[in-house]
$ cat final-v5.tsv   # TSV, C-alpha atoms
chain	number	residue	atom	x	y	z
X	1	MET	CA	3.15	32.02	-1.46
X	2	LYS	CA	-0.28	33.56	-0.87
X	3	GLY	CA	-2.71	33.46	-3.77
X	4	ARG	CA	-0.84	30.66	-5.55
X	5	LEU	CA	-2.98	27.86	-7.05
X	6	LEU	CA	-2.04	24.37	-5.91
X	7	TYR	CA	-2.85	20.92	-7.24
X	8	SER	CA	-5.48	19.11	-5.17
X	9	PRO	CA	-4.37	15.62	-4.09
X	10	ILE	CA	-8.03	14.69	-3.46
X	11	ASP	CA	-9.09	15.70	-6.97
X	12	MET	CA	-6.06	13.97	-8.49
X	13	ASN	CA	-6.94	10.74	-6.64
X	14	LYS	CA	-10.54	10.97	-7.87
X	15	SER	CA	-9.31	11.33	-11.47
X	16	PHE	CA	-7.03	8.30	-11.18
X	17	LYS	CA	-9.84	6.29	-9.56
X	18	LYS	CA	-12.26	7.15	-12.37
X	19	LEU	CA	-9.68	6.31	-15.06
X	20	LEU	CA	-8.50	3.03	-13.53
X	21	GLU	CA	-11.99	1.81	-12.65
X	22	SER	CA	-13.04	2.43	-16.27
X	23	LYS	CA	-10.22	0.01	-17.21
X	24	LYS	CA	-11.55	-2.65	-14.77
X	25	TRP	CA	-9.02	-2.10	-11.98
X	26	ILE	CA	-10.74	-2.81	-8.65
X	27	GLU	CA	-10.09	-2.30	-4.95
X	28	SER	CA	-9.05	-5.43	-3.10
X	29	ARG	CA	-9.10	-6.41	0.57
X	30	VAL	CA	-7.43	-9.27	2.38
X	31	SER	CA	-8.85	-10.04	5.83
X	32	TYR	CA	-7.05	-11.82	8.66
X	33	TRP	CA	-6.99	-12.26	12.44
X	34	VAL	CA	-4.18	-11.20	14.79
X	35	THR	CA	-3.42	-11.56	18.48
X	36	LYS	CA	-0.69	-10.54	20.93
X	37	ASN	CA	1.16	-13.87	20.77
X	38	GLU	CA	3.98	-13.84	18.19
X	39	LYS	CA	4.27	-17.63	17.87
X	40	LEU	CA	0.53	-17.93	17.33
X	41	ILE	CA	0.61	-15.26	14.62
X	42	ARG	CA	3.40	-17.17	12.86
X	43	LYS	CA	1.34	-20.37	13.12
X	44	THR	CA	-1.87	-18.82	11.75
X	45	LEU	CA	-0.33	-16.50	9.15
X	46	THR	CA	-0.91	-18.81	6.18
X	47	MET	CA	-4.24	-20.26	7.35
X	48	GLU	CA	-7.61	-19.33	5.86
X	49	THR	CA	-9.29	-16.43	7.66
X	50	GLN	CA	-11.88	-18.42	9.64
X	51	LYS	CA	-9.29	-21.04	10.64
X	52	GLN	CA	-7.02	-18.24	11.97
X	53	LYS	CA	-9.79	-17.04	14.27
X	54	GLU	CA	-10.59	-20.55	15.50
X	55	GLU	CA	-6.93	-21.34	16.15
X	56	ILE	CA	-6.40	-18.13	18.13
X	57	LYS	CA	-9.51	-18.78	20.25
X	58	HIS	CA	-8.52	-22.42	20.78
X	59	ALA	CA	-5.12	-21.26	22.10
X	60	GLY	CA	-6.90	-19.07	24.68
X	61	TYR	CA	-6.19	-15.69	23.08
X	62	THR	CA	-8.49	-12.98	21.78
X	63	PRO	CA	-8.65	-12.82	17.98
X	64	ILE	CA	-8.53	-9.28	16.57
X	65	PHE	CA	-9.94	-8.72	13.09
X	66	SER	CA	-7.76	-6.82	10.64
X	67	TYR	CA	-7.36	-6.34	6.91
X	68	ASN	CA	-5.16	-4.83	4.22
X	69	GLN	CA	-6.70	-2.91	1.36
X	70	THR	CA	-5.09	-1.86	-1.87
X	71	ASP	CA	-6.47	0.78	-4.22
X	72	PHE	CA	-6.42	-1.13	-7.49
X	73	VAL	CA	-5.73	-4.73	-8.49
X	74	LYS	CA	-5.94	-6.39	-11.88
X	75	LYS	CA	-4.21	-9.50	-13.26
X	76	ARG	CA	-2.00	-9.93	-10.15
X	77	VAL	CA	-0.76	-6.33	-10.25
X	78	ALA	CA	-1.53	-3.85	-7.44
X	79	ILE	CA	-1.48	-0.08	-7.87
X	80	GLU	CA	-1.34	2.42	-5.04
X	81	ILE	CA	-1.82	6.10	-5.90
X	82	GLN	CA	-0.14	8.07	-3.13
X	83	PHE	CA	-0.74	11.79	-3.02
X	84	GLY	CA	-1.19	11.71	0.75
X	85	LYS	CA	1.20	12.15	3.65
X	86	TYR	CA	4.73	10.79	3.28
X	87	SER	CA	4.23	8.18	6.03
X	88	PHE	CA	1.62	6.39	3.92
X	89	VAL	CA	4.20	5.53	1.25
X	90	ALA	CA	6.24	3.43	3.69
X	91	TYR	CA	3.04	1.64	4.73
X	92	ASP	CA	2.19	0.96	1.07
X	93	LEU	CA	5.66	-0.35	0.23
X	94	PHE	CA	6.47	-2.29	3.39
X	95	VAL	CA	3.00	-3.50	4.42
X	96	LYS	CA	0.34	-3.36	1.70
X	97	HIS	CA	2.29	-4.50	-1.36
X	98	LEU	CA	4.22	-7.02	0.72
X	99	ALA	CA	1.07	-8.48	2.30
X	100	PHE	CA	-0.59	-8.98	-1.08
X	101	TYR	CA	2.61	-10.47	-2.50
X	102	ILE	CA	3.20	-12.86	0.42
X	103	GLY	CA	-0.50	-13.76	0.30
X	104	ASP	CA	-0.05	-14.73	-3.38
X	105	LYS	CA	-2.59	-12.14	-4.59
X	106	ILE	CA	-0.11	-10.14	-6.71
X	107	ASP	CA	3.19	-10.60	-8.53
X	108	VAL	CA	4.17	-6.92	-8.57
X	109	GLY	CA	3.22	-3.70	-6.81
X	110	ILE	CA	3.13	-0.27	-8.45
X	111	GLU	CA	3.42	2.92	-6.39
X	112	ILE	CA	2.52	6.18	-8.15
X	113	LEU	CA	3.95	9.34	-6.58
X	114	PRO	CA	4.38	12.97	-7.57
X	115	MET	CA	7.86	14.02	-8.68
X	116	LYS	CA	9.37	16.85	-6.63
X	117	SER	CA	8.34	19.29	-9.39
X	118	LEU	CA	4.66	18.38	-8.81
X	119	GLN	CA	4.93	17.88	-5.05
X	120	SER	CA	6.17	21.45	-4.65
X	121	GLN	CA	2.86	22.58	-6.15
X	122	MET	CA	0.77	20.49	-3.72
X	123	SER	CA	-0.12	20.78	-0.06
X	124	SER	CA	2.64	20.17	2.50
X	125	GLY	CA	3.59	16.74	3.76
X	126	VAL	CA	3.09	14.92	0.46
X	127	ALA	CA	5.79	12.37	-0.37
X	128	TYR	CA	7.69	12.68	-3.63
X	129	TYR	CA	9.26	10.18	-6.01
X	130	GLU	CA	12.92	11.13	-5.65
X	131	GLY	CA	12.80	11.01	-1.84
X	132	GLU	CA	11.01	7.67	-1.72
X	133	LEU	CA	13.30	6.16	-4.35
X	134	TYR	CA	16.22	7.13	-2.10
X	135	ASN	CA	14.50	5.52	0.90
X	136	VAL	CA	13.97	2.23	-0.95
X	137	ILE	CA	17.54	2.13	-2.28
X	138	ARG	CA	18.93	2.93	1.17
X	139	GLN	CA	17.26	-0.24	2.53
X	140	GLY	CA	19.47	-2.42	0.32
X	141	ARG	CA	18.78	-5.00	-2.31
X	142	GLY	CA	15.86	-7.31	-1.62
X	143	VAL	CA	14.05	-4.86	0.69
X	144	PRO	CA	11.12	-4.72	0.55
X	145	ALA	CA	10.80	-8.36	-0.48
X	146	VAL	CA	8.26	-7.68	-3.22
X	147	PRO	CA	8.84	-6.70	-6.86
X	148	LEU	CA	8.00	-2.99	-7.15
X	149	VAL	CA	7.66	-0.36	-9.80
X	150	ILE	CA	7.75	3.20	-8.51
X	151	ILE	CA	6.39	5.79	-10.94
X	152	GLY	CA	6.84	9.53	-10.61
X	153	ILE	CA	4.43	12.03	-12.19
X	154	GLU	CA	5.63	15.50	-13.20
X	155	ALA	CA	3.67	18.72	-13.21
$ encode --input "final-v5.tsv" --output "structure tokens"
Amino acid sequence: MKGRLLYSPIDMNKSFKKLLESKKWIESRVSYWVTKNEKLIRKTLTMETQKQKEEIKHAGYTPIFSYNQTDFVKKRVAIEIQFGKYSFVAYDLFVKHLAFYIGDKIDVGIEILPMKSLQSQMSSGVAYYEGELYNVIRQGRGVPAVPLVIIGIEA
């Protein structure tokens, strides 16, 4: 509808960032090395970062630097604020939270999403709580293999 005011996901993210940082929540990154060999990745997965690189080189493969970043971490809890495209939620739930959990950096992940009532007042392509809750439940119990709390925010 032309002329209608919409909520700005960018401004909402900035507000959450300011609030959470004032409460000592910080961004966190976990670095690691990957390569094209599946068995080598399995072997190096739990090694320290520098040892991963050395092991990959020693095996004759090219190490590729990578990392996972999460928005906010405090006391073994990770928070992702997701007012972006719907595809980013799956990445948060099935990659980011899981990587930090498997890496023993967190005990629980929290995903904050708009409810449909708020999402309908935002730009297109933004995921919403009810839809993502359905997607998680559809996967079955134990998937993803990380304790999660999904929070929906209403307008």
$ residues_around --input "final-v5.tsv" --residues "Lys105 in chain X" --least-positions-apart "3" --cutoff "7 Å" --atoms "only C-alpha atoms" --output "list in words"
Arg76, Phe100 and Tyr101 of chain X
$ write_last_selection --input "final-v5.tsv" --atoms "C-alpha atoms" --output "PDB file, in the coordinates of the input"
ATOM      1  CA  ARG X  76      -2.000  -9.930 -10.150  1.00  0.00           C
ATOM      2  CA  PHE X 100      -0.590  -8.980  -1.080  1.00  0.00           C
ATOM      3  CA  TYR X 101       2.610 -10.470  -2.500  1.00  0.00           C
TER       4      TYR X 101
END
$ closest_atom_pairs --input "final-v5.tsv" --of "range 67-112 of chain X" --to "range 2-20 of chain X" --cutoff "9 Å" --atoms "all atoms listed in the file" --output "CSV"
residue,atom,partner,partner_atom,distance
X:Asp71,CA,X:Lys17,CA,8.4
X:Phe72,CA,X:Leu20,CA,7.6
X:Ile81,CA,X:Asn13,CA,6.9
X:Gln82,CA,X:Asn13,CA,8.1
X:Phe83,CA,X:Pro9,CA,5.4
X:Gly84,CA,X:Pro9,CA,7.0
$ residues_around --input "final-v5.tsv" --residues "range 137-146 of chain X" --least-positions-apart "5" --cutoff "8 Å" --atoms "all atoms listed in the file" --output "number ranges by chain"
X: 93-94, 97-98, 101, 107-109
$ atom_distance --input "final-v5.tsv" --atom1 "CA of Leu40 in chain X" --atom2 "CA of Ile56 in chain X"
7.0 Å
$ closest_residue --input "final-v5.tsv" --among "X:Ile110, X:Ala127, X:Val95, X:Ile102" --to "Leu45 in chain X" --atoms "all atoms listed in the file"
X:Ile102
$ residues_around --input "final-v5.tsv" --residues "Ile112 in chain X" --least-positions-apart "4" --cutoff "9 Å" --atoms "only C-alpha atoms" --output "number ranges by chain"
X: 79-83, 129, 149-153
$ closest_residue --input "final-v5.tsv" --among "X:Leu113, X:Glu132, X:Ala155, X:Lys74" --to "Glu21 in chain X" --atoms "all atoms listed in the file"
X:Lys74
$ atom_distance --input "final-v5.tsv" --atom1 "CA of Asn68 in chain X" --atom2 "CA of Gly103 in chain X"
10.8 Å
$ closest_residue --input "final-v5.tsv" --among "X:Ile64, X:Val126, X:Leu133, X:Glu27" --to "Ser87 in chain X" --atoms "all atoms listed in the file"
X:Val126
$ atom_distance --input "final-v5.tsv" --atom1 "CA of Ile26 in chain X" --atom2 "CA of Val73 in chain X"
5.4 Å
$ closest_residue --input "final-v5.tsv" --among "X:Asn37, X:Ser28, X:Ser123, X:Asn135" --to "Pro63 in chain X" --atoms "only C-alpha atoms"
X:Asn37
$ residues_around --input "final-v5.tsv" --residues "Gly131 in chain X" --least-positions-apart "6" --cutoff "10 Å" --atoms "only C-alpha atoms" --output "PyMOL selection string"
chain X and resi 86+115-116
$ closest_residue --input "final-v5.tsv" --among "X:Ala59, X:Ser117, X:Ile106, X:Ala90" --to "Val136 in chain X" --atoms "only C-alpha atoms"
X:Ala90
$ decode --input "final-v5.tsv" --residues "range 101-143 of chain X" --atoms "N, CA and C atoms" --output "PDB file, in the first residue's frame"
ATOM      1  N   TYR X 101      27.258 -24.524  19.785  1.00  0.00           N
ATOM      2  CA  TYR X 101      26.888 -25.561  20.747  1.00  0.00           C
ATOM      3  C   TYR X 101      27.860 -26.742  20.661  1.00  0.00           C
ATOM      4  N   ILE X 102      28.098 -27.244  19.467  1.00  0.00           N
ATOM      5  CA  ILE X 102      29.026 -28.364  19.272  1.00  0.00           C
ATOM      6  C   ILE X 102      30.438 -27.975  19.704  1.00  0.00           C
ATOM      7  N   GLY X 103      30.795 -26.709  19.476  1.00  0.00           N
ATOM      8  CA  GLY X 103      32.110 -26.207  19.879  1.00  0.00           C
ATOM      9  C   GLY X 103      32.203 -25.882  21.367  1.00  0.00           C
ATOM     10  N   ASP X 104      31.157 -26.194  22.128  1.00  0.00           N
ATOM     11  CA  ASP X 104      31.113 -26.004  23.577  1.00  0.00           C
ATOM     12  C   ASP X 104      31.287 -24.541  23.986  1.00  0.00           C
ATOM     13  N   LYS X 105      30.761 -23.624  23.173  1.00  0.00           N
ATOM     14  CA  LYS X 105      30.803 -22.195  23.497  1.00  0.00           C
ATOM     15  C   LYS X 105      29.493 -21.732  24.132  1.00  0.00           C
ATOM     16  N   ILE X 106      28.387 -22.450  23.831  1.00  0.00           N
ATOM     17  CA  ILE X 106      27.081 -22.094  24.375  1.00  0.00           C
ATOM     18  C   ILE X 106      26.350 -23.346  24.851  1.00  0.00           C
ATOM     19  N   ASP X 107      25.341 -23.126  25.689  1.00  0.00           N
ATOM     20  CA  ASP X 107      24.455 -24.200  26.129  1.00  0.00           C
ATOM     21  C   ASP X 107      23.069 -24.070  25.523  1.00  0.00           C
ATOM     22  N   VAL X 108      22.746 -22.875  25.030  1.00  0.00           N
ATOM     23  CA  VAL X 108      21.434 -22.628  24.426  1.00  0.00           C
ATOM     24  C   VAL X 108      21.547 -21.475  23.421  1.00  0.00           C
ATOM     25  N   GLY X 109      20.752 -21.561  22.372  1.00  0.00           N
ATOM     26  CA  GLY X 109      20.667 -20.490  21.390  1.00  0.00           C
ATOM     27  C   GLY X 109      19.292 -19.855  21.433  1.00  0.00           C
ATOM     28  N   ILE X 110      19.251 -18.539  21.268  1.00  0.00           N
ATOM     29  CA  ILE X 110      17.990 -17.803  21.236  1.00  0.00           C
ATOM     30  C   ILE X 110      17.883 -17.104  19.886  1.00  0.00           C
ATOM     31  N   GLU X 111      16.767 -17.309  19.219  1.00  0.00           N
ATOM     32  CA  GLU X 111      16.492 -16.673  17.926  1.00  0.00           C
ATOM     33  C   GLU X 111      15.310 -15.731  18.132  1.00  0.00           C
ATOM     34  N   ILE X 112      15.505 -14.451  17.833  1.00  0.00           N
ATOM     35  CA  ILE X 112      14.440 -13.465  17.980  1.00  0.00           C
ATOM     36  C   ILE X 112      13.947 -13.065  16.595  1.00  0.00           C
ATOM     37  N   LEU X 113      12.640 -13.260  16.389  1.00  0.00           N
ATOM     38  CA  LEU X 113      12.003 -13.023  15.086  1.00  0.00           C
ATOM     39  C   LEU X 113      10.755 -12.165  15.252  1.00  0.00           C
ATOM     40  N   PRO X 114      10.351 -11.482  14.192  1.00  0.00           N
ATOM     41  CA  PRO X 114       9.058 -10.790  14.263  1.00  0.00           C
ATOM     42  C   PRO X 114       7.921 -11.806  14.156  1.00  0.00           C
ATOM     43  N   MET X 115       6.828 -11.546  14.870  1.00  0.00           N
ATOM     44  CA  MET X 115       5.602 -12.318  14.671  1.00  0.00           C
ATOM     45  C   MET X 115       5.025 -11.889  13.330  1.00  0.00           C
ATOM     46  N   LYS X 116       4.101 -12.635  12.783  1.00  0.00           N
ATOM     47  CA  LYS X 116       3.488 -12.291  11.501  1.00  0.00           C
ATOM     48  C   LYS X 116       2.876 -10.887  11.548  1.00  0.00           C
ATOM     49  N   SER X 117       2.311 -10.513  12.704  1.00  0.00           N
ATOM     50  CA  SER X 117       1.692  -9.189  12.836  1.00  0.00           C
ATOM     51  C   SER X 117       2.701  -8.058  12.636  1.00  0.00           C
ATOM     52  N   LEU X 118       3.950  -8.262  13.046  1.00  0.00           N
ATOM     53  CA  LEU X 118       5.005  -7.267  12.832  1.00  0.00           C
ATOM     54  C   LEU X 118       5.616  -7.415  11.444  1.00  0.00           C
ATOM     55  N   GLN X 119       5.845  -8.662  11.031  1.00  0.00           N
ATOM     56  CA  GLN X 119       6.461  -8.923   9.728  1.00  0.00           C
ATOM     57  C   GLN X 119       5.657  -8.304   8.601  1.00  0.00           C
ATOM     58  N   SER X 120       4.336  -8.298   8.731  1.00  0.00           N
ATOM     59  CA  SER X 120       3.488  -7.737   7.678  1.00  0.00           C
ATOM     60  C   SER X 120       3.624  -6.219   7.577  1.00  0.00           C
ATOM     61  N   GLN X 121       4.292  -5.623   8.564  1.00  0.00           N
ATOM     62  CA  GLN X 121       4.530  -4.184   8.558  1.00  0.00           C
ATOM     63  C   GLN X 121       5.997  -3.863   8.289  1.00  0.00           C
ATOM     64  N   MET X 122       6.726  -4.867   7.752  1.00  0.00           N
ATOM     65  CA  MET X 122       8.141  -4.714   7.431  1.00  0.00           C
ATOM     66  C   MET X 122       8.331  -4.957   5.937  1.00  0.00           C
ATOM     67  N   SER X 123       9.570  -4.776   5.488  1.00  0.00           N
ATOM     68  CA  SER X 123       9.859  -5.015   4.078  1.00  0.00           C
ATOM     69  C   SER X 123       9.690  -6.493   3.732  1.00  0.00           C
ATOM     70  N   SER X 124       9.528  -6.805   2.464  1.00  0.00           N
ATOM     71  CA  SER X 124       9.247  -8.180   2.034  1.00  0.00           C
ATOM     72  C   SER X 124      10.444  -9.096   2.241  1.00  0.00           C
ATOM     73  N   GLY X 125      10.155 -10.377   2.376  1.00  0.00           N
ATOM     74  CA  GLY X 125      11.204 -11.377   2.502  1.00  0.00           C
ATOM     75  C   GLY X 125      11.673 -11.651   3.911  1.00  0.00           C
ATOM     76  N   VAL X 126      11.133 -10.929   4.894  1.00  0.00           N
ATOM     77  CA  VAL X 126      11.535 -11.123   6.277  1.00  0.00           C
ATOM     78  C   VAL X 126      10.821 -12.360   6.831  1.00  0.00           C
ATOM     79  N   ALA X 127      11.579 -13.209   7.514  1.00  0.00           N
ATOM     80  CA  ALA X 127      10.997 -14.397   8.139  1.00  0.00           C
ATOM     81  C   ALA X 127      10.090 -13.968   9.281  1.00  0.00           C
ATOM     82  N   TYR X 128       9.194 -14.876   9.695  1.00  0.00           N
ATOM     83  CA  TYR X 128       8.345 -14.575  10.840  1.00  0.00           C
ATOM     84  C   TYR X 128       8.244 -15.800  11.731  1.00  0.00           C
ATOM     85  N   TYR X 129       7.985 -15.532  13.016  1.00  0.00           N
ATOM     86  CA  TYR X 129       8.004 -16.528  14.073  1.00  0.00           C
ATOM     87  C   TYR X 129       7.161 -17.764  13.754  1.00  0.00           C
ATOM     88  N   GLU X 130       5.904 -17.563  13.412  1.00  0.00           N
ATOM     89  CA  GLU X 130       5.001 -18.695  13.225  1.00  0.00           C
ATOM     90  C   GLU X 130       5.491 -19.624  12.113  1.00  0.00           C
ATOM     91  N   GLY X 131       5.986 -19.051  11.034  1.00  0.00           N
ATOM     92  CA  GLY X 131       6.498 -19.855   9.920  1.00  0.00           C
ATOM     93  C   GLY X 131       7.755 -20.624  10.285  1.00  0.00           C
ATOM     94  N   GLU X 132       8.652 -19.992  11.026  1.00  0.00           N
ATOM     95  CA  GLU X 132       9.897 -20.664  11.411  1.00  0.00           C
ATOM     96  C   GLU X 132       9.670 -21.689  12.508  1.00  0.00           C
ATOM     97  N   LEU X 133       8.715 -21.438  13.389  1.00  0.00           N
ATOM     98  CA  LEU X 133       8.344 -22.444  14.387  1.00  0.00           C
ATOM     99  C   LEU X 133       7.840 -23.701  13.677  1.00  0.00           C
ATOM    100  N   TYR X 134       7.002 -23.524  12.681  1.00  0.00           N
ATOM    101  CA  TYR X 134       6.508 -24.646  11.878  1.00  0.00           C
ATOM    102  C   TYR X 134       7.674 -25.405  11.239  1.00  0.00           C
ATOM    103  N   ASN X 135       8.628 -24.675  10.665  1.00  0.00           N
ATOM    104  CA  ASN X 135       9.770 -25.322  10.016  1.00  0.00           C
ATOM    105  C   ASN X 135      10.596 -26.149  10.989  1.00  0.00           C
ATOM    106  N   VAL X 136      10.790 -25.654  12.193  1.00  0.00           N
ATOM    107  CA  VAL X 136      11.557 -26.402  13.197  1.00  0.00           C
ATOM    108  C   VAL X 136      10.786 -27.646  13.629  1.00  0.00           C
ATOM    109  N   ILE X 137       9.504 -27.487  13.911  1.00  0.00           N
ATOM    110  CA  ILE X 137       8.692 -28.636  14.344  1.00  0.00           C
ATOM    111  C   ILE X 137       8.626 -29.697  13.247  1.00  0.00           C
ATOM    112  N   ARG X 138       8.522 -29.283  12.013  1.00  0.00           N
ATOM    113  CA  ARG X 138       8.442 -30.214  10.885  1.00  0.00           C
ATOM    114  C   ARG X 138       9.687 -31.095  10.782  1.00  0.00           C
ATOM    115  N   GLN X 139      10.832 -30.610  11.260  1.00  0.00           N
ATOM    116  CA  GLN X 139      12.076 -31.380  11.198  1.00  0.00           C
ATOM    117  C   GLN X 139      12.047 -32.593  12.129  1.00  0.00           C
ATOM    118  N   GLY X 140      11.227 -32.543  13.156  1.00  0.00           N
ATOM    119  CA  GLY X 140      11.153 -33.645  14.113  1.00  0.00           C
ATOM    120  C   GLY X 140      11.936 -33.344  15.374  1.00  0.00           C
ATOM    121  N   ARG X 141      11.672 -34.135  16.377  1.00  0.00           N
ATOM    122  CA  ARG X 141      12.342 -33.932  17.660  1.00  0.00           C
ATOM    123  C   ARG X 141      13.843 -34.148  17.527  1.00  0.00           C
ATOM    124  N   GLY X 142      14.602 -33.325  18.207  1.00  0.00           N
ATOM    125  CA  GLY X 142      16.057 -33.458  18.198  1.00  0.00           C
ATOM    126  C   GLY X 142      16.739 -32.766  17.037  1.00  0.00           C
ATOM    127  N   VAL X 143      15.985 -32.061  16.196  1.00  0.00           N
ATOM    128  CA  VAL X 143      16.568 -31.344  15.052  1.00  0.00           C
ATOM    129  C   VAL X 143      16.112 -29.903  15.130  1.00  0.00           C
TER     130      VAL X 143
END
